[in-house]
Amino acid sequence: MTPKQEKFCVEFLVDLNSTQAAIRAGYSEKTAYSQGQRLLKNVEIKDRISELRREEFKATIATAEEAEAFLARAMRGDIEEEVVVTEGVGDGCSEARIVKKRISAKDRIKAAELIGKRNSLFTDKLDIDANMANVTFSFDRDDGS
């Protein structure tokens, strides 16, 4: 793959517009539309675009460990949020400003609940796996026989 083709692949992911990607990659504006269409039919180009998309996906999606770490920080109250508060400034006037505060107890409880669900701490049902192939039942009659 040429450097220009590699640049096309990267630029295509910006807006998924093959014409604009071709222009940004250095192809002529006059032929950019046809060049972009031709490049998208090239198997090597398609594979590279797919590879770049997978890499981007992996880089932007949170892992289970990241999600659990965030929930743990929230549960402990280590996360702050911005809230708007209004304060009186005299003569019946008030002023709004943004302050940072720890997340609420309700949000901390929700984080604890989500951690508990994730770790099956609150299950009402039991998962039982049994092999019932060789089970024998015996019944006693009421008359003792």
# chains A, B, ... in the order shown; residues from 1 in each chain; ligands from 1

$ select_by_dssp --residues "range 22-142 of chain A" --states "alpha helix (DSSP H)" --output "JSON, numbers by chain"
{"A": [22, 23, 24, 25, 32, 33, 34, 35, 36, 37, 38, 39, 40, 41, 43, 44, 45, 46, 47, 48, 49, 50, 51, 52, 53, 54, 55, 56, 57, 58, 59, 60, 64, 65, 66, 67, 68, 69, 70, 71, 72, 73, 74, 75, 105, 106, 107, 108, 109, 110, 111, 112, 113, 114, 115, 116, 117, 118]}

$ write_last_selection --atoms "C-alpha atoms" --output "PDB file, in the first residue's frame"
ATOM      1  CA  ALA A  22      -9.284  11.347  -1.485  1.00  0.00           C
ATOM      2  CA  ILE A  23      -8.836  15.131  -1.597  1.00  0.00           C
ATOM      3  CA  ARG A  24      -7.325  15.215   1.902  1.00  0.00           C
ATOM      4  CA  ALA A  25      -5.033  12.328   0.957  1.00  0.00           C
ATOM      5  CA  ALA A  32     -11.403  12.660  -6.290  1.00  0.00           C
ATOM      6  CA  TYR A  33     -14.881  11.151  -6.650  1.00  0.00           C
ATOM      7  CA  SER A  34     -13.805   8.383  -9.014  1.00  0.00           C
ATOM      8  CA  GLN A  35     -10.535   7.801  -7.134  1.00  0.00           C
ATOM      9  CA  GLY A  36     -12.415   7.462  -3.856  1.00  0.00           C
ATOM     10  CA  GLN A  37     -14.878   4.976  -5.341  1.00  0.00           C
ATOM     11  CA  ARG A  38     -12.059   2.966  -6.932  1.00  0.00           C
ATOM     12  CA  LEU A  39     -10.050   2.897  -3.706  1.00  0.00           C
ATOM     13  CA  LEU A  40     -13.038   1.631  -1.693  1.00  0.00           C
ATOM     14  CA  LYS A  41     -13.315  -1.369  -4.037  1.00  0.00           C
ATOM     15  CA  VAL A  43      -9.510  -5.334  -1.087  1.00  0.00           C
ATOM     16  CA  GLU A  44      -6.297  -4.133   0.568  1.00  0.00           C
ATOM     17  CA  ILE A  45      -7.861  -0.707   1.222  1.00  0.00           C
ATOM     18  CA  LYS A  46     -11.056  -2.275   2.607  1.00  0.00           C
ATOM     19  CA  ASP A  47      -9.042  -4.513   4.937  1.00  0.00           C
ATOM     20  CA  ARG A  48      -6.950  -1.571   6.167  1.00  0.00           C
ATOM     21  CA  ILE A  49     -10.048   0.528   6.830  1.00  0.00           C
ATOM     22  CA  SER A  50     -11.578  -2.386   8.776  1.00  0.00           C
ATOM     23  CA  GLU A  51      -8.363  -2.778  10.777  1.00  0.00           C
ATOM     24  CA  LEU A  52      -8.270   0.938  11.601  1.00  0.00           C
ATOM     25  CA  ARG A  53     -11.931   0.826  12.690  1.00  0.00           C
ATOM     26  CA  ARG A  54     -11.242  -2.124  15.014  1.00  0.00           C
ATOM     27  CA  GLU A  55      -8.269  -0.285  16.538  1.00  0.00           C
ATOM     28  CA  GLU A  56     -10.398   2.825  17.094  1.00  0.00           C
ATOM     29  CA  PHE A  57     -13.180   0.736  18.608  1.00  0.00           C
ATOM     30  CA  LYS A  58     -10.789  -0.930  21.050  1.00  0.00           C
ATOM     31  CA  ALA A  59      -9.318   2.433  22.029  1.00  0.00           C
ATOM     32  CA  THR A  60     -12.688   4.056  22.756  1.00  0.00           C
ATOM     33  CA  ALA A  64     -15.144  -4.305  32.217  1.00  0.00           C
ATOM     34  CA  GLU A  65     -12.249  -3.456  34.545  1.00  0.00           C
ATOM     35  CA  GLU A  66     -12.559   0.257  33.733  1.00  0.00           C
ATOM     36  CA  ALA A  67     -16.306   0.165  34.385  1.00  0.00           C
ATOM     37  CA  GLU A  68     -15.844  -1.600  37.724  1.00  0.00           C
ATOM     38  CA  ALA A  69     -13.078   0.801  38.760  1.00  0.00           C
ATOM     39  CA  PHE A  70     -15.335   3.759  37.946  1.00  0.00           C
ATOM     40  CA  LEU A  71     -18.229   2.260  39.923  1.00  0.00           C
ATOM     41  CA  ALA A  72     -15.928   1.622  42.879  1.00  0.00           C
ATOM     42  CA  ARG A  73     -14.741   5.242  42.825  1.00  0.00           C
ATOM     43  CA  ALA A  74     -18.358   6.414  42.632  1.00  0.00           C
ATOM     44  CA  MET A  75     -19.418   4.155  45.501  1.00  0.00           C
ATOM     45  CA  ALA A 105     -25.641   9.372  48.432  1.00  0.00           C
ATOM     46  CA  LYS A 106     -28.293   8.168  45.984  1.00  0.00           C
ATOM     47  CA  ASP A 107     -25.687   7.930  43.209  1.00  0.00           C
ATOM     48  CA  ARG A 108     -23.236   6.169  45.544  1.00  0.00           C
ATOM     49  CA  ILE A 109     -25.912   3.622  46.510  1.00  0.00           C
ATOM     50  CA  LYS A 110     -26.705   3.035  42.833  1.00  0.00           C
ATOM     51  CA  ALA A 111     -23.014   2.396  42.126  1.00  0.00           C
ATOM     52  CA  ALA A 112     -22.892  -0.094  45.017  1.00  0.00           C
ATOM     53  CA  GLU A 113     -26.007  -1.799  43.675  1.00  0.00           C
ATOM     54  CA  LEU A 114     -24.478  -2.103  40.201  1.00  0.00           C
ATOM     55  CA  ILE A 115     -21.282  -3.569  41.660  1.00  0.00           C
ATOM     56  CA  GLY A 116     -23.391  -6.045  43.637  1.00  0.00           C
ATOM     57  CA  LYS A 117     -25.344  -7.072  40.540  1.00  0.00           C
ATOM     58  CA  ARG A 118     -22.131  -7.448  38.554  1.00  0.00           C
TER      59      ARG A 118
END

$ select_by_dssp --residues "range 78-143 of chain A" --states "strand (DSSP E)" --output "list of chain:residue names"
A:Glu80, A:Glu81, A:Glu82, A:Val83, A:Val84, A:Val85, A:Thr86, A:Glu87, A:Gly88, A:Val89, A:Gly90, A:Cys93, A:Ser94, A:Glu95, A:Ala96, A:Arg97, A:Ile98, A:Val99, A:Lys100, A:Lys101, A:Arg102

$ write_last_selection --atoms "all heavy atoms" --output "compact mmCIF listing (two decimals), in the first residue's frame"
# COMPACT_ATOMS: atom_id res chain seq x y z
N GLU A 80 -16.43 13.73 41.65
CA GLU A 80 -17.11 15.01 41.82
C GLU A 80 -17.92 15.32 40.58
O GLU A 80 -17.59 14.88 39.48
CB GLU A 80 -16.09 16.13 42.05
CG GLU A 80 -15.40 16.06 43.39
CD GLU A 80 -14.49 17.25 43.62
OE1 GLU A 80 -14.05 17.89 42.63
OE2 GLU A 80 -14.20 17.54 44.78
N GLU A 81 -18.97 16.10 40.77
CA GLU A 81 -19.77 16.56 39.64
C GLU A 81 -19.96 18.06 39.76
O GLU A 81 -19.86 18.62 40.85
CB GLU A 81 -21.12 15.84 39.59
CG GLU A 81 -22.01 16.10 40.79
CD GLU A 81 -23.32 15.34 40.73
OE1 GLU A 81 -23.72 14.88 39.65
OE2 GLU A 81 -23.96 15.22 41.78
N GLU A 82 -20.22 18.70 38.63
CA GLU A 82 -20.46 20.14 38.64
C GLU A 82 -21.96 20.39 38.75
O GLU A 82 -22.76 19.73 38.07
CB GLU A 82 -19.94 20.78 37.35
CG GLU A 82 -18.44 20.78 37.26
CD GLU A 82 -17.93 21.48 36.01
OE1 GLU A 82 -18.72 21.71 35.07
OE2 GLU A 82 -16.73 21.81 35.98
N VAL A 83 -22.34 21.31 39.63
CA VAL A 83 -23.75 21.67 39.78
C VAL A 83 -23.87 23.19 39.75
O VAL A 83 -22.93 23.91 40.09
CB VAL A 83 -24.35 21.12 41.10
CG1 VAL A 83 -24.44 19.62 41.07
CG2 VAL A 83 -23.58 21.59 42.30
N VAL A 84 -25.02 23.64 39.33
CA VAL A 84 -25.29 25.08 39.29
C VAL A 84 -26.01 25.46 40.57
O VAL A 84 -27.00 24.83 40.94
CB VAL A 84 -26.15 25.44 38.06
CG1 VAL A 84 -26.49 26.92 38.05
CG2 VAL A 84 -25.44 25.04 36.78
N VAL A 85 -25.51 26.45 41.26
CA VAL A 85 -26.16 26.95 42.47
C VAL A 85 -26.46 28.44 42.28
O VAL A 85 -25.76 29.13 41.55
CB VAL A 85 -25.28 26.75 43.73
CG1 VAL A 85 -25.07 25.28 44.01
CG2 VAL A 85 -23.95 27.46 43.62
N THR A 86 -27.51 28.88 42.93
CA THR A 86 -27.83 30.31 42.90
C THR A 86 -27.62 30.87 44.30
O THR A 86 -27.95 30.23 45.30
CB THR A 86 -29.28 30.55 42.45
OG1 THR A 86 -30.16 29.83 43.30
CG2 THR A 86 -29.49 30.14 41.02
N GLU A 87 -27.04 32.04 44.33
CA GLU A 87 -26.76 32.70 45.61
C GLU A 87 -27.32 34.12 45.57
O GLU A 87 -27.23 34.80 44.54
CB GLU A 87 -25.25 32.77 45.85
CG GLU A 87 -24.59 31.41 45.98
CD GLU A 87 -23.08 31.54 46.14
OE1 GLU A 87 -22.49 32.50 45.61
OE2 GLU A 87 -22.50 30.67 46.79
N GLY A 88 -27.86 34.52 46.68
CA GLY A 88 -28.35 35.90 46.78
C GLY A 88 -27.18 36.86 46.85
O GLY A 88 -26.20 36.62 47.56
N VAL A 89 -27.29 37.95 46.11
CA VAL A 89 -26.22 38.97 46.13
C VAL A 89 -26.73 40.30 46.67
O VAL A 89 -26.05 41.31 46.55
CB VAL A 89 -25.60 39.14 44.72
CG1 VAL A 89 -24.80 37.92 44.33
CG2 VAL A 89 -26.64 39.48 43.68
N GLY A 90 -27.92 40.29 47.24
CA GLY A 90 -28.46 41.51 47.82
C GLY A 90 -29.53 42.15 46.95
O GLY A 90 -29.63 41.89 45.75
N CYS A 93 -31.64 40.18 44.40
CA CYS A 93 -31.01 39.63 43.20
C CYS A 93 -30.24 38.37 43.56
O CYS A 93 -29.78 38.19 44.68
CB CYS A 93 -30.05 40.65 42.59
SG CYS A 93 -30.87 42.13 42.01
N SER A 94 -30.12 37.49 42.59
CA SER A 94 -29.32 36.29 42.82
C SER A 94 -28.41 36.07 41.61
O SER A 94 -28.60 36.64 40.55
CB SER A 94 -30.21 35.07 43.04
OG SER A 94 -31.02 34.85 41.91
N GLU A 95 -27.44 35.23 41.85
CA GLU A 95 -26.43 34.99 40.84
C GLU A 95 -26.19 33.48 40.77
O GLU A 95 -26.12 32.81 41.79
CB GLU A 95 -25.16 35.71 41.28
CG GLU A 95 -24.08 35.80 40.28
CD GLU A 95 -22.95 36.69 40.83
OE1 GLU A 95 -22.07 36.12 41.51
OE2 GLU A 95 -22.97 37.90 40.58
N ALA A 96 -26.06 32.94 39.56
CA ALA A 96 -25.80 31.52 39.40
C ALA A 96 -24.30 31.31 39.21
O ALA A 96 -23.61 32.10 38.59
CB ALA A 96 -26.55 30.98 38.19
N ARG A 97 -23.81 30.23 39.81
CA ARG A 97 -22.42 29.86 39.58
C ARG A 97 -22.30 28.35 39.63
O ARG A 97 -23.16 27.66 40.17
CB ARG A 97 -21.48 30.54 40.56
CG ARG A 97 -21.61 30.15 41.99
CD ARG A 97 -20.64 30.96 42.88
NE ARG A 97 -20.76 30.51 44.25
CZ ARG A 97 -19.88 29.72 44.85
NH1 ARG A 97 -18.81 29.32 44.22
NH2 ARG A 97 -20.06 29.33 46.10
N ILE A 98 -21.23 27.85 39.08
CA ILE A 98 -21.00 26.40 39.02
C ILE A 98 -20.01 26.03 40.11
O ILE A 98 -18.96 26.66 40.25
CB ILE A 98 -20.46 25.99 37.64
CG1 ILE A 98 -21.49 26.31 36.57
CG2 ILE A 98 -20.08 24.52 37.61
CD1 ILE A 98 -21.00 26.10 35.14
N VAL A 99 -20.38 25.00 40.89
CA VAL A 99 -19.48 24.50 41.93
C VAL A 99 -19.32 23.00 41.75
O VAL A 99 -20.18 22.32 41.18
CB VAL A 99 -20.01 24.79 43.35
CG1 VAL A 99 -20.07 26.27 43.62
CG2 VAL A 99 -21.34 24.15 43.59
N LYS A 100 -18.22 22.47 42.26
CA LYS A 100 -17.99 21.03 42.23
C LYS A 100 -18.36 20.47 43.59
O LYS A 100 -18.05 21.06 44.62
CB LYS A 100 -16.53 20.72 41.91
CG LYS A 100 -16.17 20.97 40.48
CD LYS A 100 -14.80 20.44 40.17
CE LYS A 100 -14.52 20.64 38.68
NZ LYS A 100 -13.41 19.84 38.23
N LYS A 101 -19.03 19.31 43.56
CA LYS A 101 -19.38 18.65 44.82
C LYS A 101 -19.29 17.15 44.60
O LYS A 101 -19.32 16.66 43.48
CB LYS A 101 -20.77 19.04 45.28
CG LYS A 101 -21.89 18.48 44.44
CD LYS A 101 -23.23 18.71 45.11
CE LYS A 101 -24.32 17.91 44.45
NZ LYS A 101 -24.38 16.53 44.82
N ARG A 102 -19.15 16.44 45.70
CA ARG A 102 -19.14 14.98 45.62
C ARG A 102 -20.50 14.49 45.15
O ARG A 102 -21.51 15.15 45.41
CB ARG A 102 -18.83 14.37 46.98
CG ARG A 102 -17.41 14.62 47.42
CD ARG A 102 -17.19 14.06 48.78
NE ARG A 102 -16.09 13.11 48.72
CZ ARG A 102 -15.69 12.39 49.74
NH1 ARG A 102 -16.33 12.47 50.88
NH2 ARG A 102 -14.69 11.58 49.61

$ atom_distance --atom1 "CA of Ser28 in chain A" --atom2 "CA of Lys7 in chain A"
14.1 Å

$ atom_distance --atom1 "CA of Ile79 in chain A" --atom2 "CA of Ser104 in chain A"
9.8 Å

$ decode --residues "range 2-15 of chain A" --atoms "C-alpha atoms" --output "tab-separated table (two decimals), in the first residue's frame"
chain	number	residue	atom	x	y	z
A	2	THR	CA	1.31	3.41	-0.92
A	3	PRO	CA	1.56	6.24	1.62
A	4	LYS	CA	-1.20	8.07	-0.28
A	5	GLN	CA	-3.50	5.04	0.01
A	6	GLU	CA	-2.73	4.75	3.74
A	7	LYS	CA	-3.59	8.44	4.15
A	8	PHE	CA	-6.85	7.83	2.27
A	9	CYS	CA	-7.76	5.04	4.72
A	10	VAL	CA	-7.11	7.27	7.73
A	11	GLU	CA	-8.95	10.23	6.21
A	12	PHE	CA	-11.91	8.09	5.17
A	13	LEU	CA	-12.61	7.31	8.83
A	14	VAL	CA	-12.92	11.02	9.63
A	15	ASP	CA	-16.29	11.43	7.89
